[in-house]
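Notes for the one structure printed next.
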Amino acid sequence: MVATDDGAVPGGPLSGVRVVELAGIGPGPFAAMVLADLGADVVRVDRPGGTGGLRIDPDYDIANRNKRSVLLDLKSDDGRATVLELAGRADILIEGYRPGVAERLGVGPEACLARNPRLVYGRMTGWGQDGPLARTAGHDIGYIAVTGALGMIGAADGPPVAPANLLGDYAGGSLYLVIGVLAALQHARAGGPGQVVDAAIVDGTAHLSAVIHGMMAAGGWQDRRGANLLDGGCPFYGTYETSDGGYMAVGALEHKFYAEFTERLGIAGQAPPREDFDAWATLRSVIAARFKERTREEWTAVFDGSDACVAPVLSLREAPAHPHLAARATFTEHGGITQPAPAPRFSATPGAVRRGPARPGADAAEVARDWDVALPQDSTGSATGSAAEGAAETTAETATEENPS
């Protein structure tokens, strides 16, 4: 590869790393997308009939950007043999089936590591590979519920609020799988053996709450919603409605930032002392009443560029136009789709959106050439079979978002 004028080498820091993704839905594909964004050559093995998950036009399935796809029937001898060939040439393999399914298909860790002893075999599930619930169906909301994370989110006088599927699937699941497979890859490239990475959403989500558990043990966190410094219980760390129905987010925790917040909000002379916990309800009312006097746009202008730690609450469609995000190109457009750009950023090996979402089977010829494998004749073209057939075939195999039984 040729360096640019500033010394950066295009392709990303994982350029040259080969990844096989056995198609699934939810956190597995997102983890593979992260690796692809970082420059890895990700080949997604799609199945005739699809994954049985949420139906979306493949052209808009951003989780499959920067990848290539082949179609293989894992229940056929040819399909199984081809996956093992790909595994033999790969650094990492990712699967998201219910425990035991990959083994029954003949592409489990034992078979793949026998073909390639240095392979990192990443397993993405909700409950993990063992335990009483390992083989049962699940979704993000259930995984974060049993870890205590869901119970932390929401108003004190209301029910827990699910944060879409960001906390479990993607933070506790995908990103921990990425950390795991990259750590195992480093170990293998240092001369160690390949190994299996068991990435369970329940484990990752629980791990995310480590600091909160420490605070709770020290008496600095109450085990209930809306009663703590960072969960909406504090009047200067939360959201407030504006006169036009918008919202502003306030995070003025430090004293000097709080002083600037109250000054710009115009309540410095009438707000009760922030140290008076008994007056927090009054303080919240004063702040809320003041925010209701102006629109979100007006308050955004008031706090713009300040250290008051106040920001407008934007929608998904509004976010790309925020001046700071626009200046940093936090969002990018590719193939007519506005989407988050790869993250994090690297000075010498920047990542990029190199190609749009892979259509099932569209890249068979390229993969056969670049990976030097012989692919079955039915590995090209669009996914075949009806949606009903695809769902029937795969619901018994997917271990995370799709009900697997």
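We label chains A, B, ... in the order they appear in the structure tokens, count residues from 1 in each chain, and number ligands from 1 in the order shown.
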
Spatial neighbours of region 33-47 of chain A, 6 Å, only C-alpha atoms, chain gap at least 5 places, as an NGL selection string: :A and (11-15 or 17-23 or 63 or 66-73 or 342 or 351 or 360)

Same residues, N, CA, C and O atoms, saved as a compact mmCIF listing (two decimals), in the first residue's frame:
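Result written to out.txt:
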```txt
# COMPACT_ATOMS: atom_id res chain seq x y z
N GLY A 11 -6.51 1.73 4.46
CA GLY A 11 -6.84 0.32 4.64
C GLY A 11 -7.20 -0.04 6.06
O GLY A 11 -7.91 -1.00 6.28
N GLY A 12 -6.72 0.72 7.02
CA GLY A 12 -7.05 0.45 8.41
C GLY A 12 -6.02 -0.43 9.09
O GLY A 12 -5.25 -1.15 8.45
N PRO A 13 -5.97 -0.40 10.43
CA PRO A 13 -4.95 -1.13 11.18
C PRO A 13 -5.07 -2.64 11.09
O PRO A 13 -4.13 -3.35 11.40
N LEU A 14 -6.23 -3.16 10.67
CA LEU A 14 -6.40 -4.60 10.54
C LEU A 14 -6.25 -5.08 9.10
O LEU A 14 -6.62 -6.21 8.77
N SER A 15 -5.70 -4.24 8.24
CA SER A 15 -5.47 -4.63 6.87
C SER A 15 -4.62 -5.90 6.84
O SER A 15 -3.58 -5.97 7.50
N VAL A 17 -5.77 -8.85 7.87
CA VAL A 17 -6.42 -9.82 8.76
C VAL A 17 -7.65 -10.38 8.04
O VAL A 17 -8.47 -9.63 7.51
N ARG A 18 -7.77 -11.69 8.02
CA ARG A 18 -8.89 -12.34 7.35
C ARG A 18 -9.90 -12.86 8.36
O ARG A 18 -9.53 -13.53 9.33
N VAL A 19 -11.17 -12.55 8.11
CA VAL A 19 -12.25 -12.91 9.02
C VAL A 19 -13.35 -13.62 8.25
O VAL A 19 -13.77 -13.16 7.18
N VAL A 20 -13.82 -14.73 8.80
CA VAL A 20 -15.00 -15.42 8.28
C VAL A 20 -16.14 -15.16 9.25
O VAL A 20 -16.01 -15.39 10.45
N GLU A 21 -17.25 -14.66 8.73
CA GLU A 21 -18.45 -14.43 9.54
C GLU A 21 -19.55 -15.37 9.08
O GLU A 21 -19.98 -15.29 7.93
N LEU A 22 -19.99 -16.25 9.96
CA LEU A 22 -21.13 -17.09 9.65
C LEU A 22 -22.37 -16.26 9.94
O LEU A 22 -22.62 -15.87 11.08
N ALA A 23 -23.15 -15.99 8.92
CA ALA A 23 -24.21 -14.97 8.98
C ALA A 23 -25.17 -15.21 10.13
O ALA A 23 -25.61 -16.34 10.39
N ALA A 63 -24.73 -2.89 8.81
CA ALA A 63 -23.89 -3.84 9.55
C ALA A 63 -23.08 -4.73 8.62
O ALA A 63 -22.12 -5.38 9.05
N ASN A 66 -18.45 -2.86 4.10
CA ASN A 66 -17.03 -3.22 4.08
C ASN A 66 -16.78 -4.73 4.09
O ASN A 66 -15.66 -5.17 4.37
N LYS A 67 -17.82 -5.53 3.80
CA LYS A 67 -17.67 -6.98 3.77
C LYS A 67 -17.88 -7.50 2.35
O LYS A 67 -18.36 -6.79 1.46
N ARG A 68 -17.58 -8.77 2.18
CA ARG A 68 -17.93 -9.50 0.96
C ARG A 68 -18.74 -10.72 1.37
O ARG A 68 -18.61 -11.22 2.48
N SER A 69 -19.58 -11.19 0.45
CA SER A 69 -20.50 -12.28 0.80
C SER A 69 -20.43 -13.42 -0.20
O SER A 69 -20.29 -13.21 -1.40
N VAL A 70 -20.54 -14.63 0.36
CA VAL A 70 -20.76 -15.83 -0.45
C VAL A 70 -21.96 -16.55 0.12
O VAL A 70 -22.28 -16.43 1.30
N LEU A 71 -22.65 -17.28 -0.73
CA LEU A 71 -23.80 -18.08 -0.31
C LEU A 71 -23.38 -19.54 -0.17
O LEU A 71 -22.87 -20.13 -1.13
N LEU A 72 -23.58 -20.10 1.03
CA LEU A 72 -23.24 -21.50 1.25
C LEU A 72 -24.33 -22.17 2.09
O LEU A 72 -24.79 -21.59 3.09
N ASP A 73 -24.71 -23.35 1.70
CA ASP A 73 -25.66 -24.15 2.48
C ASP A 73 -24.87 -24.99 3.47
O ASP A 73 -24.22 -25.97 3.10
N PRO A 342 -16.47 5.05 10.56
CA PRO A 342 -15.72 4.12 11.41
C PRO A 342 -15.09 4.83 12.60
O PRO A 342 -14.67 5.98 12.51
N GLY A 351 -9.27 4.08 9.11
CA GLY A 351 -10.32 3.25 8.55
C GLY A 351 -11.21 4.06 7.63
O GLY A 351 -11.10 5.29 7.59
N PRO A 360 -26.06 -10.71 -0.41
CA PRO A 360 -25.79 -12.14 -0.24
C PRO A 360 -25.33 -12.81 -1.53
O PRO A 360 -26.01 -12.77 -2.55
```

All helix (DSSP H, G or I) residues (DSSP, backbone) inside region 286-371 of chain A, as a PyMOL selection string: chain A and resi 286-291+296-303+319-321+323-328+364-371

Sel. of strand (DSSP E or B) residues, region 67-218 of chain A, as a ChimeraX atom specification: /A:67-71,92-95,97,120-125,195-200

Interatomic distance (Å, one decimal) between CA of Leu177 (chain A) and CA of Ile25 (chain A):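 Distance between the two atoms: 14.3 Å.
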
Distance criterion (only C-alpha atoms): nearest to His322 (chain A) out of A:Thr300, A:Asn228, A:Thr295, A:Ser306: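 Result for the nearest residue to His322 (chain A): A:Thr300.
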
Shell of 12 Å around Ile337 (chain A), only C-alpha atoms, local chain residues under 6 positions omitted, as a PyMOL selection string: chain A and resi 59-62+65+317+320+331+353+355-357

Hey, what's within 12 Å of Thr282 (chain A) if we count only C-alpha atoms and toss same-chain stuff fewer than 2 positions away? As a short mmCIF file (atom, residue, chain, number, x, y, z; two decimals) with C-alpha atoms, in the first residue's frame, please?
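Saved to part_23.cif:
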```
data_model
loop_
_atom_site.label_atom_id
_atom_site.label_comp_id
_atom_site.auth_asym_id
_atom_site.auth_seq_id
_atom_site.Cartn_x
_atom_site.Cartn_y
_atom_site.Cartn_z
CA CYS A 234 -29.50 14.59 40.52
CA PRO A 235 -31.17 17.80 39.25
CA PHE A 236 -28.02 18.99 37.50
CA GLN A 270 -32.65 32.02 43.02
CA ALA A 271 -31.48 28.40 42.99
CA PRO A 272 -31.13 26.65 46.36
CA PRO A 273 -27.63 25.37 47.22
CA ARG A 274 -26.75 22.25 45.25
CA ASP A 276 -28.69 20.72 50.09
CA PHE A 277 -30.03 17.31 49.08
CA ASP A 278 -33.36 18.06 50.75
CA ALA A 279 -33.80 20.96 48.34
CA TRP A 280 -33.04 18.99 45.17
CA ARG A 284 -35.18 20.63 39.80
CA SER A 285 -38.40 22.63 39.59
CA VAL A 286 -36.51 25.90 39.24
CA ILE A 287 -34.34 24.50 36.44
CA ALA A 288 -37.32 22.93 34.67
CA ALA A 289 -39.36 26.13 34.80
#
```

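The space between CA of Leu150 (chain A) and CA of Gly168 (chain A) spans 9.4 Å.
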
All residues 10 Å or closer to Gly158 (chain A), only C-alpha atoms, same chain fewer than 4 positions away omitted, as a PyMOL selection string: chain A and resi 153-154+225-226

Produce a file of the selected residues containing N, CA, C and O atoms, as a PDB file, in the first residue's frame.
```pdb
ATOM      1  N   ILE A 153     -32.187   2.098  34.662  1.00  0.00           N
ATOM      2  CA  ILE A 153     -32.509   3.119  33.671  1.00  0.00           C
ATOM      3  C   ILE A 153     -33.991   3.471  33.720  1.00  0.00           C
ATOM      4  O   ILE A 153     -34.855   2.598  33.577  1.00  0.00           O
ATOM      5  N   GLY A 154     -34.276   4.752  33.905  1.00  0.00           N
ATOM      6  CA  GLY A 154     -35.653   5.218  33.944  1.00  0.00           C
ATOM      7  C   GLY A 154     -35.908   6.075  35.166  1.00  0.00           C
ATOM      8  O   GLY A 154     -35.082   6.178  36.076  1.00  0.00           O
ATOM      9  N   ARG A 225     -33.647   3.092  40.976  1.00  0.00           N
ATOM     10  CA  ARG A 225     -33.613   4.066  39.893  1.00  0.00           C
ATOM     11  C   ARG A 225     -33.867   5.478  40.374  1.00  0.00           C
ATOM     12  O   ARG A 225     -34.613   5.730  41.312  1.00  0.00           O
ATOM     13  N   GLY A 226     -33.261   6.419  39.655  1.00  0.00           N
ATOM     14  CA  GLY A 226     -33.563   7.828  39.864  1.00  0.00           C
ATOM     15  C   GLY A 226     -33.197   8.349  41.230  1.00  0.00           C
ATOM     16  O   GLY A 226     -33.818   9.301  41.716  1.00  0.00           O
TER      17      GLY A 226
END
```

For Ala184 (chain A): contacts at 12 Å, only C-alpha atoms, fewer than 5 positions along chain excluded, given as a list in words: Asp91, Ile92, Leu93, Arg118, Leu119, Val120, Tyr121, Gly122, Leu177, Val178, Ile179, Arg189, Ala190, Gly191, Gly192, Pro193, Gly194, Gln195, Val196, Val197 and Asp198 of chain A

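CA of Gly246 (chain A) sits 20.4 Å away from CA of Leu283 (chain A).
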
Which residue of A:Ser243, A:Ser174, A:Thr205, A:Gln339 approaches Tyr143 (chain A) most closely, using only C-alpha atoms: A:Thr205

Option closest in space to Cys112 (chain A), from A:Ile94, A:Ala137, A:Val202, A:Leu166 [counting only C-alpha atoms]: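 Looking at the shortest contact to Cys112 (chain A), the residue is A:Ile94.
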